[in-house]
Amino acid sequence: MSRPLRFLTVGSLALVPMVLALACGDDTQVTLPKDGGADATLSAETGPTPDAAVDAPASTCGIVIPTTYDSPQYDQNAADELALRARFDALTQPMKDIESALADAGAPPALTAAQLRALDIAGTPNLKGVTTASYQAKVDAWFDDYEAGLGAGAYTPADPPTTGGSYGKYIMNARGVDLRQAIEKGLYVAAFYNHALAAVAAGAPTEATVDKLVAAWGAHPSFQNNQNATQNKDVNSAGYAARRDSKDPLKPGPYQRGKAALIKAKASIAAGAKCNADRDAALKAFFAEWEKATYATVVFYYADIVAKLSVGSPDYPGILHSWGESLGFVAGFKGLPQDKRIITDAQIDALLAKTYGADPIQGYKLVTASIEAAGKLTSATADIKAIYGFSDAEMESFKKNF
Amino acid sequence: MPKRRPLRSFLTVGALLVVAWSCREKTSSPPGGPAPDAGSFDKTQLLAAFGQCAEGNARELHARTGELAAAVGRLETEGDAARPAAQDAWKRAMDVWERAEVFQFGPTAPTGAPGSQDLRDPIYGWPLVGRCLIDQTLVAKLYESSDFAKTSLVSTRTLATLEYLLFYDGDANGCPAENAINAQGTWAALGSAERAKRRAAYAKAVVADVTARTSTLADAWDPAKGNFGRELTNPGKVYPTQQAAFNAVSDAMFYLDDQVKNTKVGIPAGLVAGCAAAPCVDMVESPWAKRSKDHIRANIVGYEQLLHGCGAGGAGLGFDDLLTAVGGAAVVTKLDAATRDVKVALDELKEPSLEDDLRKNPAGVKKLFDALRASSTLMKSDFATLLAFDLPKRLEGDND
């Protein structure tokens with residue numbers, strides 16, 4: 001069993017860049033809340049230890065689970081999802097180009113809400129079409145905010161808010177939302193997770209369905225567990241899951257557990273009806289890992305913000321940038337089918353309300369009332385820990401980029 | 001250098017072998033490689049010496065913070081006249097704490113490390129010192145809250161916050177214009193006299209918490225109370241093996257690398273990533289008391305306590321004795337030479353403050369950085385290799 005480790009004080013954020021010298025034998029198995037809507041952890045399904053979950057996932061239906069993901073037809077099977085990823089990149093790239101121009105003190109290229117909307121509905125399937133209704137509405141409003149902010153000059157956080165603009169290299173709306181981040185990070189879930197759920201719900205899952213999940217998550221069958229891999233790097237949600245995963249096979253993080261679940265799901269499907277229970281459990285475990293990695297990343301950003309506030313000359317644009325990411329990650333889950341996730345809409349609303357993300361959004365308060373904001377983010381971090389039953393050691397590890 | 005050599009004890013060695021074998025079976029991957037053969041050298045005595053040294057520093061620190069609390073208390077009644085004494089008391093406390101900074105194993109180890117009681121950051125939160133957060137705390141009088149010490153950020157308390165409260169008495173604050181204390185004029189409305197009064201009250205609240213924490217730290221090491229030294233010398237509970245206990249102490253010594261070399265010197269000098277346009281004088285450790293170089297000196301003292309022993313002139317057991325026992329006397333000589341170079345480079349920085357040295361003598365600061373790097377390289381190579389220590393994971397990616 002895991003050795004209890006203390007939850008760090010806020011001050012321990014000073015040590016955010018330091019990697020903990022954990023003694024051997026720590027068990028990072030995640031315990032899901034009893035009312036979480038998800039089943040037991042992957043490791044609980046597949047064996048008593050996390051390494052067993054990763055290296056030799058057991059089957060309850062008498063099959064041998066492979067250790068690698070083999071899918072020669074991946075590109076064809078996941079064509080829709082890979083196209084969606086390309087369309088997502090096409091949507092976000094113009095906003096990234098603007099940030100690059102602003103970072104170089106150059107004139108940013110023009111970008112209108114109409115152009116962004118056109119990118120949002122380009123292709124079949126298109127991003128808007130796979131996005132939850134609640135997040136579609138947010139994104140649509142933020143497109144207008146983006147055009148307004150881009151043309152408004154420098155942003156000054158103010159309470160009450162005035163107008164949006166460029167803050168450092170980021171385009172903000174009047175309420176302090178880094179618009180690219182909120183759009184991008186929210187769509188990881190509101191679009192891709194939602195689409196992945198739809199793929200599973202479309203009929204009896206096939207091996208091709210699992211390929212779709214791999215791609216929707218942002219991974220590749222080679223499972224690099226690395227956002228910076230030279231080839232087949234992880235992107236989107238899988239990229240962030242990789243950041244939250246220490247890469248230690250003896251202490252698998254969300255990426256390794258998600259990978260193991262996908263491999264098991266695929267093998268179970270290939271084995272036929274006798275393994276349907278294993279298949280369903282593995283798919284459920286995969287979505288749970290996706291979700292937990294997302295909220296683990298929220299923990300990372302909350303810690304990052306508090307750390308950034310806790311220095312002599314805070315980087316306020318960087319703080320609102322991090323907050324925009326967290327806003328997207330948290331809000332993206334709202335409106336998804338409740339039986340397909342752990343967190344509830346009520347819990348999401350409470351997190352958003354505590355962290356200035358509920359309407360009317362008050363992100364500017366991270367600048368105008370930073371001492372209050374730091375306290376609220378710290379409190380919200382504890383709420384996430386309670387919602388997911390994360391251990392102290394996990395919470396510590398989430399504050400690092402691997 | 002005078003040394004008190006431990007008595008050989010076959011019983012102790014035998015007991016250690018039994019414990020080590022027992023623990024070997026309990027742990028799948030003890031830190032480092034197999035412990036090097038040190039012959040009849042009594043490693044337990046060395047670990048005990050580390051514990052005694054940590055305890056001594058903790059006791060002294062608690063005494064100093066007690067004096068600091070008394071001096072800060074007089075600020076409220078005597079006003080500015082009491083400030084110099086409070087500042088001196090802070091300096092004396094910091095001289096001890098900066099020594100203890102290099103002893104971040106056991107109760108002051110990083111969160112999650114074996115034996116950690118998370119005591120380091122609440123005593124000294126640097127580099128987390130949120131000037132704007134402190135100023136907002138002052139305006140809102142958050143320090144008056146009964147749970148201030150429990151719920152507030154460490155970047156608004158600890159000895160680091162005390163430095164700001166005791167050494168800065170200006171009218172400006174660290175918040176941007178759009179922050180409520182400026183946008184709504186609440187900072188300006190206080191006036192200088194009220195701010196001074198509040199700084200005194202705030203400092204009193206902070207030092208009360210710090211003193212309580214240093215008491216906890218001293219108790220954690222006290223043989224009659226927490227007796228953490230027992231955990232160091234009796235592997236199996238906190239440290240799976242004796243080698244793991246040694247490795248924890250070794251990890252702590254790398255404070256000279258990641259904190260002193262990189263954060264205290266390298267970043268302000270622009271020699272390590274983190275400073276956009278060198279020099280970054282506002283990133284020095286002690287911007288208000290101008291004690292950054294004194295802090296580094298004290299850090300070196302702490303490092304030498306572990307390397308040589310805690311007694312006067314390096315008396316007592318230290319890693320040098322273990323190195324010698326495993327045939328590494330030459331490594332000790334090299335480490336000593338490297339430390340000497342660090343001290344020389346530090347002494348050659350003649351300006352009143354590190355900020356001034358950064359501006360006027362960047363080559364001198366670079367020399368200090370290089371000397372620290374040379375020392376770190378020896379620690380990472382000869383020292384760690386000979387004693388079969390793993391390097392701290394926090395150093396991963398450091399290409400020195």
# chains A, B, ... in the order shown; residues from 1 in each chain; ligands from 1
$ residues_around --residues "segment 105-110 of chain A" --least-positions-apart "2" --cutoff "9 Å" --atoms "only C-alpha atoms" --output "ChimeraX atom specification"
/A:94,97-103,112,147,150-151,169
$ interface_residues --of "chain B" --to "chain A" --cutoff "8 Å" --atoms "only C-alpha atoms" --output "PyMOL selection string"
chain B and resi 27-31+110-114+117-118+121-122+125-133+136-137+151-155+174+176+178-180+239+282-283+392-395
$ select_by_dssp --residues "segment 137-205 of chain B" --states "alpha helix (DSSP H)" --output "number ranges by chain"
B: 137-140, 148-151, 158-167, 180-183, 186-205
$ atom_distance --atom1 "atom CA of His295 of chain B" --atom2 "atom CA of Leu323 of chain B"
27.6 Å
$ atom_distance --atom1 "atom CA of Asn234 of chain B" --atom2 "atom CA of Ala312 of chain B"
27.1 Å
$ residues_around --residues "Met172 of chain A" --least-positions-apart "3" --cutoff "9 Å" --atoms "only C-alpha atoms" --output "short mmCIF file (atom, residue, chain, number, x, y, z; two decimals) with N, CA, C and O atoms, in the first residue's frame"
data_model
loop_
_atom_site.label_atom_id
_atom_site.label_comp_id
_atom_site.auth_asym_id
_atom_site.auth_seq_id
_atom_site.Cartn_x
_atom_site.Cartn_y
_atom_site.Cartn_z
N ASP A 145 -14.96 37.77 -28.97
CA ASP A 145 -14.03 38.44 -28.04
C ASP A 145 -12.63 38.49 -28.63
O ASP A 145 -11.89 39.46 -28.42
N TYR A 146 -12.27 37.42 -29.34
CA TYR A 146 -10.91 37.37 -29.89
C TYR A 146 -10.72 38.49 -30.90
O TYR A 146 -9.71 39.22 -30.87
N GLY A 149 -10.54 41.74 -29.04
CA GLY A 149 -9.31 41.90 -28.27
C GLY A 149 -8.11 42.15 -29.16
O GLY A 149 -7.22 42.95 -28.82
N LEU A 150 -8.10 41.48 -30.29
CA LEU A 150 -6.96 41.63 -31.21
C LEU A 150 -6.86 43.06 -31.73
O LEU A 150 -5.76 43.57 -31.95
N TYR A 155 -4.11 45.20 -23.12
CA TYR A 155 -5.14 44.87 -22.12
C TYR A 155 -4.69 45.31 -20.74
O TYR A 155 -3.53 45.12 -20.36
N THR A 163 -12.21 46.62 -21.42
CA THR A 163 -12.13 45.99 -22.74
C THR A 163 -11.02 44.95 -22.73
O THR A 163 -10.12 44.97 -21.88
N GLY A 164 -11.07 44.07 -23.72
CA GLY A 164 -10.01 43.08 -23.89
C GLY A 164 -8.82 43.71 -24.60
O GLY A 164 -8.76 44.92 -24.80
N GLY A 165 -7.87 42.85 -24.97
CA GLY A 165 -6.70 43.35 -25.67
C GLY A 165 -5.55 42.38 -25.55
O GLY A 165 -5.72 41.24 -25.10
N SER A 166 -4.37 42.84 -25.95
CA SER A 166 -3.20 41.96 -25.87
C SER A 166 -2.51 42.19 -24.53
O SER A 166 -2.31 43.34 -24.10
N TYR A 167 -2.18 41.11 -23.88
CA TYR A 167 -1.56 41.16 -22.55
C TYR A 167 -0.31 40.32 -22.65
O TYR A 167 -0.40 39.09 -22.71
N ARG A 175 -12.62 40.14 -19.46
CA ARG A 175 -12.70 39.47 -18.16
C ARG A 175 -11.45 38.67 -17.80
O ARG A 175 -11.44 37.91 -16.85
N GLY A 176 -10.41 38.85 -18.60
CA GLY A 176 -9.14 38.23 -18.25
C GLY A 176 -8.97 36.81 -18.75
O GLY A 176 -8.10 36.08 -18.26
N VAL A 177 -9.79 36.43 -19.74
CA VAL A 177 -9.67 35.08 -20.29
C VAL A 177 -8.66 35.09 -21.43
O VAL A 177 -8.82 35.85 -22.40
N ASP A 178 -7.64 34.28 -21.32
CA ASP A 178 -6.73 34.05 -22.45
C ASP A 178 -7.52 33.20 -23.44
O ASP A 178 -7.74 32.00 -23.23
N LEU A 179 -7.95 33.83 -24.51
CA LEU A 179 -8.98 33.22 -25.35
C LEU A 179 -8.50 31.96 -26.07
O LEU A 179 -9.24 30.98 -26.16
N ARG A 180 -7.28 31.99 -26.56
CA ARG A 180 -6.81 30.76 -27.22
C ARG A 180 -6.79 29.60 -26.23
O ARG A 180 -7.21 28.49 -26.55
N LEU A 320 -2.43 34.87 -16.06
CA LEU A 320 -3.74 34.75 -16.71
C LEU A 320 -3.71 33.70 -17.83
O LEU A 320 -4.73 33.06 -18.12
N HIS A 321 -2.55 33.53 -18.43
CA HIS A 321 -2.39 32.46 -19.43
C HIS A 321 -2.63 31.10 -18.77
O HIS A 321 -3.41 30.27 -19.27
#
$ residues_around --residues "Leu46 of chain B" --least-positions-apart "6" --cutoff "10 Å" --atoms "only C-alpha atoms" --output "PyMOL selection string"
chain B and resi 5-6+52+232-233+246+306+309+316-319+321-322
$ residues_around --residues "Pro84 of chain B" --least-positions-apart "5" --cutoff "12 Å" --atoms "only C-alpha atoms" --output "list in words"
Leu68, Ala71, Val72, Arg74, Leu75, Glu78, Gly79, Ala89, Trp90, Lys91, Leu166, Phe167 and Ala289 of chain B
$ residues_around --residues "segment 274-291 of chain A" --least-positions-apart "4" --cutoff "6 Å" --atoms "only C-alpha atoms" --output "PyMOL selection string"
chain A and resi 42+61+254+258+261+265+268
$ write_last_selection --atoms "N, CA, C and O atoms" --output "CSV table (one decimal), in the first residue's frame"
chain,number,residue,atom,x,y,z
A,42,LEU,N,-7.7,0.9,-13.0
A,42,LEU,CA,-7.3,-0.2,-13.9
A,42,LEU,C,-6.4,-1.2,-13.2
A,42,LEU,O,-6.6,-2.4,-13.4
A,61,CYS,N,-11.0,-13.0,-18.6
A,61,CYS,CA,-11.6,-13.9,-19.5
A,61,CYS,C,-10.7,-14.8,-20.2
A,61,CYS,O,-10.9,-15.4,-21.3
A,254,PRO,N,-1.0,8.6,-15.3
A,254,PRO,CA,-2.3,8.5,-16.1
A,254,PRO,C,-2.0,8.1,-17.6
A,254,PRO,O,-2.9,7.4,-18.2
A,258,GLY,N,-3.7,4.9,-19.0
A,258,GLY,CA,-4.6,5.0,-20.2
A,258,GLY,C,-4.2,4.1,-21.3
A,258,GLY,O,-5.0,3.5,-22.0
A,261,ALA,N,-5.1,0.6,-20.6
A,261,ALA,CA,-6.5,0.4,-20.7
A,261,ALA,C,-6.9,0.2,-22.2
A,261,ALA,O,-7.7,-0.7,-22.5
A,265,ALA,N,-8.5,-3.0,-23.8
A,265,ALA,CA,-9.8,-2.9,-24.5
A,265,ALA,C,-9.7,-3.6,-25.9
A,265,ALA,O,-10.6,-4.3,-26.3
A,268,SER,N,-9.5,-7.3,-25.6
A,268,SER,CA,-10.7,-7.9,-25.2
A,268,SER,C,-11.8,-8.0,-26.3
A,268,SER,O,-12.5,-8.9,-26.4
